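*Asks:* I have a structure I would like to understand better, so I am pasting it below and will then ask my questions one at a time.
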Amino acid sequence: MSAPPPPKRQWSWRSQAFRGLVYQILAIVGLALAVTYLMSNTFANMRTRGIQSGFDFFLQPAGFAIGESLFEFDSSQNYLVAYWVGLSNTLRVALVGLVMSTVLGTLVAIGRLSKNTLVKALCSSYVELTRNVPLLLQLFMWYFAMTELLPSIESPLKPLAGVFFSKNGLQYPLPVWEAGHWGTLLGLCVGLVAWKFWAKRVRQQFEATGIAKSSFLPGLGLFLLSGVVGWLLGGAPSEFEIPEVTEISVVGGGSVTPEYLTLLIGLTVYTSGYIAEVVRAGIQSVSFGQHEAAVALGLKRTQELRLIQLPQAMRVIIPPLTSQYLNLIKNSSLAVAVGYPDLVSISSTALNQTGRAIECIALVMLIYLSLSLITSACMNVYNRRVRIKDR
Amino acid sequence: MQDTGYQQHFEPIAARRPPSNETGAMAWVYRSLFDGPFNSFLTVLFLALLAWAIPPIFNWTVWYAVPDADNAACRAAHGLGACWGVVAEKGRLILFGRYPFEEQWRPLVASSALVALLIVSCLRTFWRPALVGAWVLVYAFFFALMQGGFAGLTLVETERWGGLPLTLLLASVSLVVAFPLAILLALGRQSDLPAIRTLCVVFVEFVRGVPLISVLFMASFILPLFMPQGTKIDVLVRVLIGMTLFTAAYLAEVIRGGLQALPKGQVEAAHSLGLSYWQIQRMIVLPQALRLVVPAIVNTFIGAFKDTSLVTIVSLYDLTGAVQLALGDADWRMFFIEGQLFVAAIYFIACFAMSRYSQWLESHLNTGTRRQ
């Protein structure tokens, strides 16, 4: 607020510094008293109700099975492992959701700014529809569609060869891991290094002669080409594990459950509406004079987008985009409503089994807080790169 | 200057009509739909999409739909047409949850009063101190009528409250009660006193860092443990406390935005007039800062309105929960999606209206102070 007057060491009520000190001490003492009161109530209640406390239960066997997980889990493993499975499930849906909603949101934003009236109207209604209906209701609707409206496993939808889509989720072919795939990986790594070198060369040439060459497409070409070369050198392994329909289920290949799909689609659709608005606001924030100046300099449309508009729009987009990312991560906790075993749903199972509410909820909050902090930190690093460089 | 002998009149020639390919419907179609190959491609693509999607949707929602609550007809039309009869059959259960059936005029009257007051609060003519009194009165009326237990009204426990009244109550109470708390938090965060500032920052960032659902779990599992022994705390009150604290943290950040947008000279001028801290906040800072963020506050309210749906998870049956509850019935289970669409339409109309209102406010509120 205002600049305080020069502090006078005066032990009187007339000194602002003294009053400030008194207020702060009062606030802290008040808080401490409130906390002590609540804690003593809590301990008394726990004693009378026979609730035990402590984090020791984490090492006891969990005793419940988890519907899906990235790695093997059986009920004899302890709660800590169960929480770890929950966290990995949360991250699995949140990370894919982040990427998909960013892509979809950006496309919708561009559509909303299009000159094409039809595209604009459709994109606008998409944004309004997704933003104005609660996520939980959307999830319930997707879940209903996923479990009731899709065909049953005997006659699945086959959008592509080897891909099955039914009440049992989505099954898709998966390449079989062979030693030859190391060649592909190695090739891709070499390609990445080559891309870096190419980009550096283009930049040096531009600084030396002023001739600008594209670095993205040739770089991408190099990257993919050396990947293919590595794959060929590795003996071109091309065996796929293709799912097969049996009487009651689909076996083999990769698969995701309807719960995962529901949550992923629900989160993606909901968040993409918000991201579309964020991106649109960012693009519109670049003043028209910038466009005119770019045209006057003779920049091509793609150059103008890449060099003039995008860098300025990004500065406006990044902070609200960060909070949308955080929202998506936090919203993934709604998994509990559709029965996807994420962190919150594992934790509430643990809570029901052990009755240790404080420990379970505190752990969940702690994990989400850390996730939020990590996400903000990453986005801040990126933000620092794109913001205006002051001299 | 020489007189030429005759007066020259300036006669403007009537403007020529624009070329025919610049006006009219065809020109508009050309300009906005078929302007260049890529745009034409998009138009054709989206038209094809619409042509593919609209007939089945129309058939389902209108053509083959069953409008009345006839279970046999609905079952016959299942898969072909919607069964809007489910709304007629289950509408009251969806709107009022498990509230006793013959007493449902009470939630109807109570929520009408609340909606009326919400609408009144949106009009600038009524933005005056008496509005606060009106809110207190309407809340007292709402609780008295819903709870009953006097003057011949039967007592209805809060566990049985549900549907739309519960949604309205949760959203509005969490905003109205959170508002003063949020102002204190925002002022505390801007304060010069490090202890106060730290407390506010920690609270706001903590609450904003965790999902609402964990706050609700905390409210329903841990809050009872905090109470002195022997006292019971109502589930509705617990959820209200959780939602209020949650909304307060978000609202505090909105208000802080307004505080930061205020030029420093305002506070300095107030200091030089000899006003005290609270006088400055009350008379100089808050009136200006809050006016700047009214649209953002409306957006926070929209968020709170949608977030109330989460109370379903801690077994309170608000609008979202009530529809899940209402359609658990085996006869009507297959018409889930119709019930959900009905509720989604209610949410959509409310949220859409509010977001339009906030856009309108944005363009009308700060016309005097906005930079052109």
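Residues in the structure tokens are named by chain (A, B, ... in the order shown) and by number from 1 within that chain; ligands are numbered from 1 in the order shown.
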Skip region 308-314 of chain A itself and residues of its chain fewer than 3 positions away, then list as number ranges by chain all residues within 7 Å of it, counting only C-alpha atoms.

*Replies:* A: 282-283, 285-286, 304-305, 317-318, 386

*Asks:* Which residues of chain A come within 8 Å of chain B, and for each one, what is the closest pair of atoms and their distance in Å to one decimal, counting only C-alpha atoms, sorted by chain and residue number, as JSON lines?

*Replies:*
{"residue": "A:Met1", "atom": "CA", "partner": "B:Gln190", "partner_atom": "CA", "distance": 6.3}
{"residue": "A:Ser2", "atom": "CA", "partner": "B:Glu268", "partner_atom": "CA", "distance": 6.6}
{"residue": "A:Gly20", "atom": "CA", "partner": "B:Leu193", "partner_atom": "CA", "distance": 6.4}
{"residue": "A:Leu21", "atom": "CA", "partner": "B:Leu193", "partner_atom": "CA", "distance": 7.8}
{"residue": "A:Gln24", "atom": "CA", "partner": "B:Ala195", "partner_atom": "CA", "distance": 5.8}
{"residue": "A:Ala27", "atom": "CA", "partner": "B:Ile196", "partner_atom": "CA", "distance": 7.2}
{"residue": "A:Ile28", "atom": "CA", "partner": "B:Ala195", "partner_atom": "CA", "distance": 7.6}
{"residue": "A:Leu38", "atom": "CA", "partner": "B:Phe226", "partner_atom": "CA", "distance": 5.0}
{"residue": "A:Met39", "atom": "CA", "partner": "B:Phe226", "partner_atom": "CA", "distance": 7.0}
{"residue": "A:Asn41", "atom": "CA", "partner": "B:Pro228", "partner_atom": "CA", "distance": 5.3}
{"residue": "A:Thr42", "atom": "CA", "partner": "B:Leu225", "partner_atom": "CA", "distance": 4.9}
{"residue": "A:Ala44", "atom": "CA", "partner": "B:Gln229", "partner_atom": "CA", "distance": 7.3}
{"residue": "A:Asn45", "atom": "CA", "partner": "B:Leu225", "partner_atom": "CA", "distance": 5.9}
{"residue": "A:Met46", "atom": "CA", "partner": "B:Leu225", "partner_atom": "CA", "distance": 7.3}
{"residue": "A:Lys115", "atom": "CA", "partner": "B:Ser32", "partner_atom": "CA", "distance": 5.9}
{"residue": "A:Asn116", "atom": "CA", "partner": "B:Ser32", "partner_atom": "CA", "distance": 4.9}
{"residue": "A:Thr117", "atom": "CA", "partner": "B:Ser32", "partner_atom": "CA", "distance": 5.7}
{"residue": "A:Leu118", "atom": "CA", "partner": "B:Thr43", "partner_atom": "CA", "distance": 6.7}
{"residue": "A:Val119", "atom": "CA", "partner": "B:Phe46", "partner_atom": "CA", "distance": 7.1}
{"residue": "A:Glu128", "atom": "CA", "partner": "B:Phe352", "partner_atom": "CA", "distance": 7.4}
{"residue": "A:Leu129", "atom": "CA", "partner": "B:Phe348", "partner_atom": "CA", "distance": 7.2}
{"residue": "A:Asn132", "atom": "CA", "partner": "B:Phe348", "partner_atom": "CA", "distance": 5.0}
{"residue": "A:Val133", "atom": "CA", "partner": "B:Phe348", "partner_atom": "CA", "distance": 5.5}
{"residue": "A:Pro134", "atom": "CA", "partner": "B:Lys306", "partner_atom": "CA", "distance": 4.8}
{"residue": "A:Leu135", "atom": "CA", "partner": "B:Lys306", "partner_atom": "CA", "distance": 7.8}
{"residue": "A:Leu136", "atom": "CA", "partner": "B:Ser309", "partner_atom": "CA", "distance": 6.6}
{"residue": "A:Leu137", "atom": "CA", "partner": "B:Thr320", "partner_atom": "CA", "distance": 6.2}
{"residue": "A:Met141", "atom": "CA", "partner": "B:Ile337", "partner_atom": "CA", "distance": 6.6}
{"residue": "A:Phe144", "atom": "CA", "partner": "B:Ile337", "partner_atom": "CA", "distance": 7.2}
{"residue": "A:Lys330", "atom": "CA", "partner": "B:Pro211", "partner_atom": "CA", "distance": 4.8}
{"residue": "A:Asn331", "atom": "CA", "partner": "B:Pro211", "partner_atom": "CA", "distance": 6.7}
{"residue": "A:Ser333", "atom": "CA", "partner": "B:Pro211", "partner_atom": "CA", "distance": 7.0}
{"residue": "A:Leu334", "atom": "CA", "partner": "B:Ile213", "partner_atom": "CA", "distance": 7.5}
{"residue": "A:Ala337", "atom": "CA", "partner": "B:Ile313", "partner_atom": "CA", "distance": 6.8}
{"residue": "A:Val344", "atom": "CA", "partner": "B:Ser214", "partner_atom": "CA", "distance": 7.7}
{"residue": "A:Ala357", "atom": "CA", "partner": "B:Phe221", "partner_atom": "CA", "distance": 6.2}
{"residue": "A:Ile358", "atom": "CA", "partner": "B:Ile222", "partner_atom": "CA", "distance": 6.4}
{"residue": "A:Ile361", "atom": "CA", "partner": "B:Met218", "partner_atom": "CA", "distance": 6.7}
{"residue": "A:Val364", "atom": "CA", "partner": "B:Ser214", "partner_atom": "CA", "distance": 7.4}
{"residue": "A:Met365", "atom": "CA", "partner": "B:Val210", "partner_atom": "CA", "distance": 5.7}
{"residue": "A:Tyr368", "atom": "CA", "partner": "B:Val210", "partner_atom": "CA", "distance": 5.5}
{"residue": "A:Leu369", "atom": "CA", "partner": "B:Gly209", "partner_atom": "CA", "distance": 5.0}
{"residue": "A:Ser372", "atom": "CA", "partner": "B:Gly209", "partner_atom": "CA", "distance": 5.8}
{"residue": "A:Leu373", "atom": "CA", "partner": "B:Gly209", "partner_atom": "CA", "distance": 7.8}

*Asks:* Can I get the selected residues back with C-alpha atoms, as a CSV table (one decimal), in the first residue's frame?

*Replies:*
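File produced: out12.csv:
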chain,number,residue,atom,x,y,z
A,1,MET,CA,0.0,0.0,0.0
A,2,SER,CA,1.4,3.4,0.9
A,20,GLY,CA,1.5,-2.8,13.3
A,21,LEU,CA,3.5,-5.1,15.6
A,24,GLN,CA,0.5,-8.9,14.0
A,27,ALA,CA,-3.3,-12.2,14.7
A,28,ILE,CA,-0.7,-14.8,15.3
A,38,LEU,CA,-9.5,-27.2,17.1
A,39,MET,CA,-6.7,-29.7,17.6
A,41,ASN,CA,-11.3,-31.0,20.0
A,42,THR,CA,-10.0,-33.3,17.3
A,44,ALA,CA,-10.7,-35.6,22.1
A,45,ASN,CA,-13.1,-36.7,19.4
A,46,MET,CA,-10.7,-39.2,18.0
A,115,LYS,CA,-13.7,-14.9,-41.7
A,116,ASN,CA,-15.8,-17.9,-42.6
A,117,THR,CA,-19.2,-17.3,-40.9
A,118,LEU,CA,-20.1,-20.9,-40.7
A,119,VAL,CA,-16.8,-22.0,-39.0
A,128,GLU,CA,-20.5,-21.5,-25.2
A,129,LEU,CA,-21.8,-25.1,-24.8
A,132,ASN,CA,-21.7,-23.2,-19.6
A,133,VAL,CA,-22.5,-26.8,-18.4
A,134,PRO,CA,-20.7,-28.1,-15.3
A,135,LEU,CA,-17.9,-30.5,-15.9
A,136,LEU,CA,-19.4,-33.1,-13.6
A,137,LEU,CA,-22.6,-33.2,-15.6
A,141,MET,CA,-23.2,-37.6,-19.9
A,144,PHE,CA,-23.6,-42.7,-20.0
A,330,LYS,CA,-7.3,-30.3,-10.3
A,331,ASN,CA,-10.5,-31.2,-12.3
A,333,SER,CA,-10.0,-35.4,-9.4
A,334,LEU,CA,-13.6,-35.7,-10.6
A,337,ALA,CA,-17.5,-39.7,-10.0
A,344,VAL,CA,-8.7,-39.0,-5.0
A,357,ALA,CA,-9.5,-39.1,7.3
A,358,ILE,CA,-6.9,-36.4,8.3
A,361,ILE,CA,-7.0,-36.0,2.9
A,364,VAL,CA,-4.0,-35.8,-1.3
A,365,MET,CA,-3.9,-32.0,-0.8
A,368,TYR,CA,-2.1,-31.7,-5.6
A,369,LEU,CA,-0.3,-28.7,-4.1
A,372,SER,CA,0.3,-27.2,-8.9
A,373,LEU,CA,3.6,-25.7,-7.8

*Asks:* As an exercise, work out the distance from CA of Pro37 (chain B) to CA of Val295 (chain A) in Å and give it to one decimal place.

*Replies:* 22.1 Å

*Asks:* Any idea what's packed within 9 Å of Leu316 (chain B), counting only C-alpha atoms, ignoring anything in its chain fewer than 4 positions away? Could you give it as a VMD selection string?

*Replies:* chain B and resid 159 to 162 166 235 to 236 239 310 to 312 321 to 322

*Asks:* I need the chosen residues saved as a JSON list (two decimals), in the first residue's frame, with C-alpha atoms.

*Replies:*
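As a result, again-v1.json now contains:
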[["chain", "number", "residue", "atom", "x", "y", "z"],
["B", 159, "GLU", "CA", -30.56, -33.77, 4.20],
["B", 160, "ARG", "CA", -33.76, -33.85, 2.21],
["B", 161, "TRP", "CA", -33.20, -30.49, 0.53],
["B", 162, "GLY", "CA", -32.16, -30.91, -3.05],
["B", 166, "LEU", "CA", -29.93, -26.36, -3.13],
["B", 235, "VAL", "CA", -24.01, -31.65, 6.53],
["B", 236, "LEU", "CA", -25.35, -28.66, 4.59],
["B", 239, "VAL", "CA", -20.50, -28.10, 2.78],
["B", 310, "LEU", "CA", -19.57, -31.34, -6.93],
["B", 311, "VAL", "CA", -21.55, -31.64, -3.72],
["B", 312, "THR", "CA", -23.09, -34.71, -5.36],
["B", 321, "GLY", "CA", -27.14, -35.19, -8.06],
["B", 322, "ALA", "CA", -30.94, -35.09, -8.20]]

*Asks:* When you draw a straight line from CA of Thr61 (chain B) to CA of Cys83 (chain B), how long is it in Å?

*Replies:* 8.5 Å

*Asks:* Of the candidates B:Ile297, B:Pro55, B:Gly85, B:Leu185, which shows the shortest atom-to-atom distance to Ala72 (chain B), using only C-alpha atoms?

*Replies:*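 Checking each candidate against Ala72 (chain B), we get B:Gly85 as the closest.
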